[in-house]
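J.: Here you go, this is my_file_25.cif (mmCIF, C-alpha atoms (C1' of nucleotides)).
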data_structure
#
loop_
_atom_site.label_atom_id
_atom_site.label_comp_id
_atom_site.auth_asym_id
_atom_site.auth_seq_id
_atom_site.Cartn_x
_atom_site.Cartn_y
_atom_site.Cartn_z
CA MET J 28 96.23 124.86 125.17
CA ARG J 29 94.74 121.39 124.96
CA ILE J 30 93.12 119.72 122.01
CA GLY J 31 89.54 120.57 122.93
CA GLU J 32 90.18 124.29 123.07
CA LEU J 33 92.11 124.22 119.82
CA SER J 34 89.20 122.38 118.28
CA ARG J 35 86.71 124.95 119.50
CA ARG J 36 88.84 127.85 118.36
CA THR J 37 89.39 126.46 114.89
CA GLY J 38 86.19 124.55 114.32
CA VAL J 39 88.22 121.49 113.41
CA PRO J 40 87.21 118.22 115.11
CA THR J 41 89.72 116.75 117.54
CA ARG J 42 89.82 113.68 115.37
CA LEU J 43 91.35 115.71 112.59
CA LEU J 44 93.80 117.48 114.85
CA ARG J 45 95.10 114.07 115.87
CA TYR J 46 95.16 113.00 112.28
CA TYR J 47 97.19 116.03 111.27
CA GLU J 48 99.64 115.19 113.99
CA GLU J 49 99.86 111.64 112.73
CA GLN J 50 100.57 113.12 109.31
CA ASP J 51 103.30 115.22 110.85
CA LEU J 52 101.61 118.54 110.13
CA LEU J 53 101.27 119.49 113.78
CA ARG J 54 103.69 118.75 116.60
CA PRO J 55 102.12 119.51 119.97
CA GLU J 56 104.05 119.05 123.17
CA ARG J 57 102.96 116.39 125.61
CA GLY J 58 102.20 117.03 129.27
CA ALA J 59 103.20 114.61 131.98
CA ASN J 60 99.75 113.06 131.75
CA GLY J 61 100.08 112.43 128.03
CA TYR J 62 97.75 115.26 127.03
CA ARG J 63 98.66 117.22 123.93
CA SER J 64 99.65 120.80 124.57
CA TYR J 65 99.42 123.26 121.69
CA ALA J 66 101.14 126.61 121.36
CA GLU J 67 99.10 129.68 120.59
CA SER J 68 100.39 129.63 117.04
CA ALA J 69 98.71 126.30 116.44
CA VAL J 70 95.44 128.13 115.78
CA ALA J 71 96.96 129.82 112.76
CA ASP J 72 98.72 126.63 111.75
CA VAL J 73 95.47 124.71 111.72
CA ARG J 74 93.74 127.36 109.65
CA GLN J 75 96.63 127.25 107.24
CA ILE J 76 96.42 123.50 106.94
CA ARG J 77 92.66 123.55 106.46
CA GLY J 78 92.90 126.13 103.72
CA LEU J 79 95.48 124.14 101.87
CA LEU J 80 93.56 120.91 102.22
CA ASP J 81 90.41 122.60 100.98
CA SER J 82 92.36 123.86 98.02
CA GLY J 83 93.17 120.36 96.95
CA LEU J 84 96.64 119.84 98.36
CA THR J 85 97.37 116.52 100.00
CA THR J 86 98.83 116.19 103.47
CA GLU J 87 102.01 115.02 101.81
CA MET J 88 102.31 118.19 99.77
CA ILE J 89 101.47 120.32 102.76
CA ARG J 90 104.04 118.54 104.86
CA ALA J 91 106.60 119.30 102.17
CA ILE J 92 105.95 123.03 102.02
CA LEU J 93 104.70 123.84 105.50
CA PRO J 94 108.12 124.53 107.03
CA TYR J 95 108.64 127.24 104.45
CA LEU J 96 105.36 129.06 104.85
CA GLY J 97 105.85 130.82 108.16
CA GLY J 98 104.92 134.45 108.61
CA PRO J 99 107.37 137.32 108.11
CA GLY J 100 109.13 137.07 111.43
CA GLU J 101 109.17 133.31 111.74
CA LEU J 102 111.99 130.85 111.75
CA HIS J 103 112.47 129.07 108.46
CA PRO J 104 115.01 126.46 107.62
CA PRO J 105 118.05 128.53 106.75
CA ALA J 106 119.41 128.56 103.24
CA GLU J 107 122.25 126.24 104.19
CA CYS J 108 119.79 123.50 105.01
CA VAL J 109 118.02 123.65 101.68
CA THR J 110 119.54 121.24 99.23
CA PRO J 111 119.07 121.86 95.52
CA GLN J 112 116.79 118.83 95.48
CA THR J 113 114.54 120.37 98.08
CA ALA J 114 114.52 123.65 96.25
CA ALA J 115 113.57 121.87 93.05
CA LEU J 116 110.77 120.10 94.86
CA LEU J 117 109.47 123.36 96.23
CA GLN J 118 109.72 124.92 92.81
CA ASP J 119 107.66 122.06 91.46
CA HIS J 120 105.00 122.51 94.12
CA LEU J 121 104.98 126.17 93.32
CA LEU J 122 104.21 125.43 89.70
CA ARG J 123 101.40 123.11 90.64
CA ILE J 124 99.91 125.69 92.96
CA GLN J 125 100.19 128.28 90.22
CA SER J 126 98.39 126.10 87.72
CA ARG J 127 95.60 125.58 90.22
CA ILE J 128 95.35 129.30 90.71
CA ASP J 129 95.23 129.83 86.96
CA CYS J 130 92.51 127.26 86.48
CA LEU J 131 90.39 128.58 89.32
CA THR J 132 90.87 132.18 88.26
CA ARG J 133 89.89 131.41 84.69
CA ASN J 134 86.73 129.70 85.80
CA ARG J 135 85.91 132.24 88.44
CA ASP J 136 86.01 134.89 85.74
CA ARG J 137 83.79 132.86 83.47
CA LEU J 138 81.29 132.15 86.17
CA SER J 139 81.37 135.73 87.29
CA ALA J 140 80.82 136.99 83.76
CA TYR J 141 77.91 134.66 83.31
CA LEU J 142 76.30 135.78 86.52
CA ALA J 143 76.78 139.41 85.60
CA ALA J 144 75.15 138.80 82.23
CA VAL J 145 72.23 136.97 83.72
CA ARG J 146 71.45 139.35 86.53
CA PRO J 147 72.76 142.74 85.45
CA GLN J 148 70.55 144.50 87.97
CA SER J 149 71.59 142.46 90.97
CA GLY J 150 73.45 144.39 93.57
CA GLY J 151 74.20 141.30 95.60
CA ARG J 152 71.49 140.19 98.03
CA MET U 16 85.02 109.66 68.60
CA ARG U 17 85.03 106.65 70.87
CA ILE U 18 86.27 106.42 74.40
CA GLY U 19 89.71 105.08 73.57
CA GLU U 20 90.58 107.97 71.31
CA LEU U 21 89.29 110.49 73.80
CA SER U 22 91.42 108.83 76.42
CA ARG U 23 94.52 109.01 74.24
CA ARG U 24 93.90 112.60 73.33
CA THR U 25 93.36 113.74 76.89
CA GLY U 26 95.58 111.36 78.79
CA VAL U 27 92.66 110.48 81.04
CA PRO U 28 92.02 106.75 81.60
CA THR U 29 88.81 105.35 80.14
CA ARG U 30 87.83 104.37 83.65
CA LEU U 31 87.64 108.02 84.59
CA LEU U 32 85.80 109.04 81.46
CA ARG U 33 83.12 106.50 82.36
CA TYR U 34 83.16 107.76 85.93
CA TYR U 35 82.68 111.34 84.81
CA GLU U 36 79.70 110.23 82.79
CA GLU U 37 78.29 108.44 85.80
CA GLN U 38 78.75 111.69 87.69
CA ASP U 39 76.89 113.49 84.94
CA LEU U 40 79.84 115.61 83.86
CA LEU U 41 79.98 114.12 80.36
CA ARG U 42 77.08 113.01 78.20
CA PRO U 43 78.31 111.07 75.20
CA GLU U 44 75.91 109.76 72.62
CA ARG U 45 75.49 106.03 72.23
CA GLY U 46 75.90 104.14 68.99
CA ALA U 47 73.61 101.27 67.97
CA ASN U 48 76.18 98.89 69.45
CA GLY U 49 76.15 100.64 72.79
CA TYR U 50 79.55 102.28 72.31
CA ARG U 51 79.96 105.81 73.64
CA SER U 52 80.39 108.46 70.98
CA TYR U 53 82.00 111.73 72.00
CA ALA U 54 81.83 115.05 70.17
CA GLU U 55 85.01 116.88 69.32
CA SER U 56 84.33 119.34 72.11
CA ALA U 57 84.63 116.55 74.65
CA VAL U 58 88.41 116.92 74.55
CA ALA U 59 88.15 120.45 75.90
CA ASP U 60 85.43 119.38 78.33
CA VAL U 61 87.62 116.68 79.79
CA ARG U 62 90.55 119.05 80.18
CA GLN U 63 88.26 121.48 81.95
CA ILE U 64 86.99 118.81 84.30
CA ARG U 65 90.49 117.59 85.06
CA GLY U 66 91.70 121.08 85.83
CA LEU U 67 88.86 121.72 88.20
CA LEU U 68 89.27 118.37 89.94
CA ASP U 69 93.00 118.99 90.31
CA SER U 70 92.15 122.34 91.81
CA GLY U 71 90.22 120.69 94.59
CA LEU U 72 86.64 120.94 93.41
CA THR U 73 84.42 117.91 93.80
CA THR U 74 82.48 116.36 90.95
CA GLU U 75 79.36 117.68 92.64
CA MET U 76 80.58 121.26 92.51
CA ILE U 77 81.80 120.86 88.97
CA ARG U 78 78.46 119.46 87.92
CA ALA U 79 76.78 122.51 89.38
CA ILE U 80 78.89 125.09 87.60
CA LEU U 81 79.94 123.32 84.43
CA PRO U 82 76.97 124.41 82.31
CA TYR U 83 77.88 128.02 82.95
CA LEU U 84 81.57 127.83 82.13
CA GLY U 85 81.49 127.53 78.34
CA GLY U 86 83.83 129.61 76.21
CA PRO U 87 82.83 133.03 74.83
CA GLY U 88 80.90 131.73 71.83
CA GLU U 89 79.24 128.80 73.51
CA LEU U 90 75.69 128.13 74.44
CA HIS U 91 74.79 128.76 78.05
CA PRO U 92 71.50 128.31 79.71
CA PRO U 93 69.69 131.55 78.89
CA ALA U 94 68.84 134.01 81.62
CA GLU U 95 65.16 132.97 81.61
CA CYS U 96 66.15 129.51 82.77
CA VAL U 97 68.16 130.75 85.73
CA THR U 98 66.04 130.96 88.82
CA PRO U 99 67.11 133.21 91.67
CA GLN U 100 67.91 130.07 93.62
CA THR U 101 70.26 128.87 90.95
CA ALA U 102 71.90 132.25 90.75
CA ALA U 103 72.36 132.29 94.50
CA LEU U 104 73.91 128.86 94.36
CA LEU U 105 76.31 129.92 91.67
CA GLN U 106 77.17 133.00 93.67
CA ASP U 107 77.96 130.74 96.58
CA HIS U 108 80.20 128.55 94.47
CA LEU U 109 81.88 131.67 93.23
CA LEU U 110 82.72 132.67 96.79
CA ARG U 111 84.12 129.27 97.54
CA ILE U 112 86.28 129.37 94.47
CA GLN U 113 87.48 132.82 95.42
CA SER U 114 88.49 131.71 98.89
CA ARG U 115 90.47 128.85 97.40
CA ILE U 116 92.19 131.27 95.09
CA ASP U 117 93.00 133.52 98.02
CA CYS U 118 94.43 130.69 100.05
CA LEU U 119 96.51 129.37 97.20
CA THR U 120 97.73 132.83 96.26
CA ARG U 121 98.77 133.55 99.81
CA ASN U 122 100.75 130.37 100.00
CA ARG U 123 102.21 130.75 96.56
CA ASP U 124 103.52 134.14 97.58
CA ARG U 125 105.01 132.85 100.78
CA LEU U 126 106.60 129.89 99.11
CA SER U 127 107.84 132.03 96.31
CA ALA U 128 109.31 134.56 98.71
CA TYR U 129 111.05 131.82 100.60
CA LEU U 130 112.52 130.35 97.46
CA ALA U 131 113.68 133.74 96.32
CA ALA U 132 115.35 134.31 99.67
CA VAL U 133 117.08 130.97 99.64
CA ARG U 134 118.31 131.04 96.07
CA PRO U 135 118.65 134.72 95.24
CA GLN U 136 120.53 133.91 92.03
CA SER U 137 117.69 131.90 90.57
CA GLY U 138 115.50 133.92 88.24
CA GLY U 139 112.32 132.02 88.99
CA ARG U 140 111.31 129.78 86.08
"C1'" DC X 13 84.90 109.31 146.86
"C1'" DT X 14 82.07 109.99 143.00
"C1'" DT X 15 80.72 112.27 138.95
"C1'" DG X 16 81.37 114.45 134.71
"C1'" DA X 17 84.17 116.63 131.40
"C1'" DC X 18 88.16 116.03 129.13
"C1'" DC X 19 91.82 113.37 127.43
"C1'" DT X 20 94.21 108.94 125.59
"C1'" DT X 21 94.68 105.07 121.86
"C1'" DC X 22 92.64 101.83 118.81
"C1'" DA X 23 89.70 100.34 115.34
"C1'" DC X 24 86.12 100.00 112.10
"C1'" DA X 25 83.44 102.45 108.42
"C1'" DC X 26 82.30 105.70 105.03
"C1'" DT X 27 82.98 108.83 100.83
"C1'" DG X 28 85.17 110.42 96.55
"C1'" DA X 29 88.45 109.72 93.19
"C1'" DT X 30 90.89 106.22 91.07
"C1'" DG X 31 93.07 101.50 89.75
"C1'" DT X 32 92.29 96.93 88.20
"C1'" DC X 33 90.23 92.86 86.79
"C1'" DA X 34 86.68 89.56 84.83
"C1'" DG X 35 83.34 88.13 81.55
"C1'" DA X 36 80.91 89.24 77.58
"C1'" DC X 37 80.00 91.70 73.31
"C1'" DT X 38 81.42 94.29 68.70
"C1'" DC X 39 84.13 95.06 65.00
"C1'" DC X 40 87.78 94.69 61.70
"C1'" DG X 41 91.46 92.61 59.23
"C1'" DA X 42 94.07 88.23 57.87
"C1'" DT D 20 86.00 82.23 60.12
"C1'" DC D 21 89.19 83.26 63.54
"C1'" DG D 22 91.86 86.39 66.50
"C1'" DG D 23 92.86 90.50 68.49
"C1'" DA D 24 91.78 95.07 69.73
"C1'" DG D 25 88.32 97.82 71.53
"C1'" DT D 26 84.25 98.29 74.13
"C1'" DC D 27 80.60 97.18 77.52
"C1'" DT D 28 79.08 96.50 82.60
"C1'" DG D 29 80.01 95.29 87.18
"C1'" DA D 30 82.64 94.35 91.08
"C1'" DC D 31 86.29 94.75 94.21
"C1'" DA D 32 90.56 97.32 95.89
"C1'" DT D 33 93.14 101.40 97.25
"C1'" DC D 34 94.11 105.91 99.20
"C1'" DA D 35 93.21 110.21 101.64
"C1'" DG D 36 90.32 112.53 104.54
"C1'" DT D 37 86.89 112.13 107.88
"C1'" DG D 38 83.13 110.24 111.19
"C1'" DT D 39 82.19 107.52 115.16
"C1'" DG D 40 82.48 104.69 118.99
"C1'" DA D 41 84.67 101.69 122.57
"C1'" DA D 42 87.51 101.21 126.65
"C1'" DG D 43 90.08 103.41 129.63
"C1'" DG D 44 93.14 107.34 132.15
"C1'" DT D 45 93.19 112.33 134.43
"C1'" DC D 46 91.42 115.83 136.98
"C1'" DA D 47 88.61 119.31 139.22
"C1'" DA D 48 84.24 120.22 141.53
"C1'" DG D 49 80.76 118.65 144.60
#
Starting from the coordinates I provided, produce the structure as structure tokens.

T.:
Amino acid sequence: MRIGELSRRTGVPTRLLRYYEEQDLLRPERGANGYRSYAESAVADVRQIRGLLDSGLTTEMIRAILPYLGGPGELHPPAECVTPQTAALLQDHLLRIQSRIDCLTRNRDRLSAYLAAVRPQSGGR
Amino acid sequence: MRIGELSRRTGVPTRLLRYYEEQDLLRPERGANGYRSYAESAVADVRQIRGLLDSGLTTEMIRAILPYLGGPGELHPPAECVTPQTAALLQDHLLRIQSRIDCLTRNRDRLSAYLAAVRPQSGGR
DNA sequence: CTTGACCTTCACACTGATGTCAGACTCCGA
DNA sequence: TCGGAGTCTGACATCAGTGTGAAGGTCAAG
């Protein structure tokens, strides 16, 4: 699919899709006319990238971990290609992600408890 | 305490402490000489702010929820002061935080699974 | 062939978070 | 009283992510 369709299907402006490519997060094929050509899986990839960006990861961090985040049946870099340095880097990212989760969870619970205390009757909207 | 000590005790540059004040996240007193004077609790406040910023929240979002995140014994705005609009806003922030948690958790699990597969001998941390 | 929708690259601009520097003031100790 | 450390404000710089527009190429429908 071309960039416009991918944009429509993900809600992400074409500008950003090009930017993600520049940042090496997406790697569309190119047609003979120079147009980008995305695989079907790019839709999920873009959603993945957006979620991570929204969660405070930088494109650099995402670039580092993206190859290892594929779904269950996907191709990952095989173990032989993962140097101890890379593994250490991933481990480090993992810790950072975990600390973000901890912080957000802690504050979600606090906020949630406060809301519950303030509107004990509220059953949502 | 003055800004330098707060900076040393939190590891956050004075520049940022002033920025957080500008963003209305901190409200130090002012001495007769114009110097900022922080309460002891500011240390915890700054750590809280840093954690939330690192987790991808903007100062705007933090400003919105910060008054409601105090520890168990702390003073919160009482229920009478919380309009339905405010409550709805907080509920909205809560959802956003939850979706970040979900995204990060998903990716933590994937990354973690990958690492476990690649280095089966490693016992995690 | 023309038009319009889509695509290309390039470039400038903005925002939010942060770094850095300059010039001036306060305070404290030698 | 002087000097240095700390503080003040204000301004400019940087970086990532994003918005926007110009100038032009591709292509299908009329």

J.: Using only C-alpha atoms (C1' of nucleotides), determine which residues of chain U fall within 10 Å of chain D; present them as a VMD selection string.

T.: chain U and resid 17 to 19 48 to 51

J.: Contacts between chain J and chain U, please, where a residue of chain U counts if it comes within 9 Å (with only C-alpha atoms); show its shortest atom pair and distance in Å to one decimal, rows by chain and ascending number, as a tab-separated table.

T.:
residue	atom	partner	partner_atom	distance
U:Gln63	CA	J:Cys130	CA	8.5
U:Gly66	CA	J:Cys130	CA	6.3
U:Leu67	CA	J:Cys130	CA	6.9
U:Leu68	CA	J:Gly83	CA	8.3
U:Asp69	CA	J:Gly83	CA	6.8
U:Ser70	CA	J:Arg127	CA	5.0
U:Gly71	CA	J:Gly83	CA	3.8
U:Leu72	CA	J:Gly83	CA	7.5
U:Ile80	CA	J:Leu138	CA	7.6
U:Tyr83	CA	J:Leu138	CA	6.2
U:Leu84	CA	J:Arg137	CA	5.7
U:Gly85	CA	J:Arg137	CA	7.7
U:Gly86	CA	J:Arg137	CA	8.0
U:Pro87	CA	J:Arg137	CA	8.7
U:His91	CA	J:Tyr141	CA	8.5
U:Pro93	CA	J:Val145	CA	7.7
U:Ala94	CA	J:Val145	CA	5.0
U:Glu95	CA	J:Val145	CA	8.4
U:Val97	CA	J:Val145	CA	7.7
U:Ala102	CA	J:Leu142	CA	7.1
U:Ala103	CA	J:Arg152	CA	8.7
U:Leu105	CA	J:Leu138	CA	7.7
U:Gln106	CA	J:Leu142	CA	7.7
U:Leu109	CA	J:Arg135	CA	6.3
U:Leu110	CA	J:Arg135	CA	8.9
U:Ile112	CA	J:Leu131	CA	6.6
U:Gln113	CA	J:Arg135	CA	7.2
U:Ser114	CA	J:Gly78	CA	8.6
U:Arg115	CA	J:Ser82	CA	5.4
U:Ile116	CA	J:Ile128	CA	5.7
U:Asp117	CA	J:Ile128	CA	8.8
U:Cys118	CA	J:Gly78	CA	6.1
U:Leu119	CA	J:Ile124	CA	6.6
U:Thr120	CA	J:Ile128	CA	7.0
U:Asn122	CA	J:Leu96	CA	6.8
U:Arg123	CA	J:Leu121	CA	6.3
U:Arg125	CA	J:Leu96	CA	5.6
U:Leu126	CA	J:Leu96	CA	5.9
U:Ser127	CA	J:Leu121	CA	7.2
U:Tyr129	CA	J:Tyr95	CA	6.5
U:Leu130	CA	J:Ala114	CA	7.1
U:Ala132	CA	J:Ala106	CA	7.9
U:Val133	CA	J:Ala106	CA	4.9
U:Arg134	CA	J:Ala106	CA	7.7
U:Gly139	CA	J:Gln118	CA	8.5
U:Arg140	CA	J:Gln118	CA	8.5

J.: On all C-alpha atoms matched in order, how well does chain J superpose onto chain U? Give the RMSD in Å.

T.: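 Result: 0.9 Å C-alpha RMSD.
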
J.: For CA of Arg36 in chain J and CA of Met88 in chain J, quote the distance in Å rounded to one decimal.

T.: 24.9 Å

J.: Could you tell me how far CA of Met16 in chain U sits from CA of Arg45 in chain U, in Å to one decimal place?

T.: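 Computed distance, CA of Arg45 in chain U to CA of Met16 in chain U, equals 10.8 Å.
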
J.: One number please: CA of Leu43 in chain J to CA of Glu75 in chain U, in Å, one decimal.

T.: 23.4 Å

J.: For the provided coordinates, the residues matched by the PyMOL selection byres ((chain J and resi 32) around 12) should be stated as a list in words.

T.: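 Those residues are Met28, Arg29, Ile30, Gly31, Leu33, Ser34, Arg35, Arg36, Thr37, Gly38, Val39, Pro40, Thr41, Leu44, Arg63, Ser64, Tyr65, Ala66, Glu67, Ala69 and Val70 of chain J; DC18 and DC19 of chain X.
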
J.: Hey, could you make a per-residue contact list for chain X against chain U with 12 Å as the cut-off, showing the nearest pair of atoms and its distance in Å to one decimal, counting only C-alpha atoms (C1' of nucleotides), sorted by chain and number, as a Markdown table?

T.:
| residue | atom | partner | partner_atom | distance |
| --- | --- | --- | --- | --- |
| X:DT27 | C1' | U:Thr73 | CA | 11.6 |
| X:DG28 | C1' | U:Thr73 | CA | 8.0 |
| X:DA29 | C1' | U:Leu31 | CA | 8.8 |
| X:DT30 | C1' | U:Leu31 | CA | 7.5 |
| X:DG31 | C1' | U:Arg30 | CA | 8.5 |
| X:DT32 | C1' | U:Arg30 | CA | 9.8 |
| X:DC37 | C1' | U:Asn48 | CA | 9.0 |
| X:DT38 | C1' | U:Asn48 | CA | 7.0 |
| X:DC39 | C1' | U:Asn48 | CA | 9.9 |
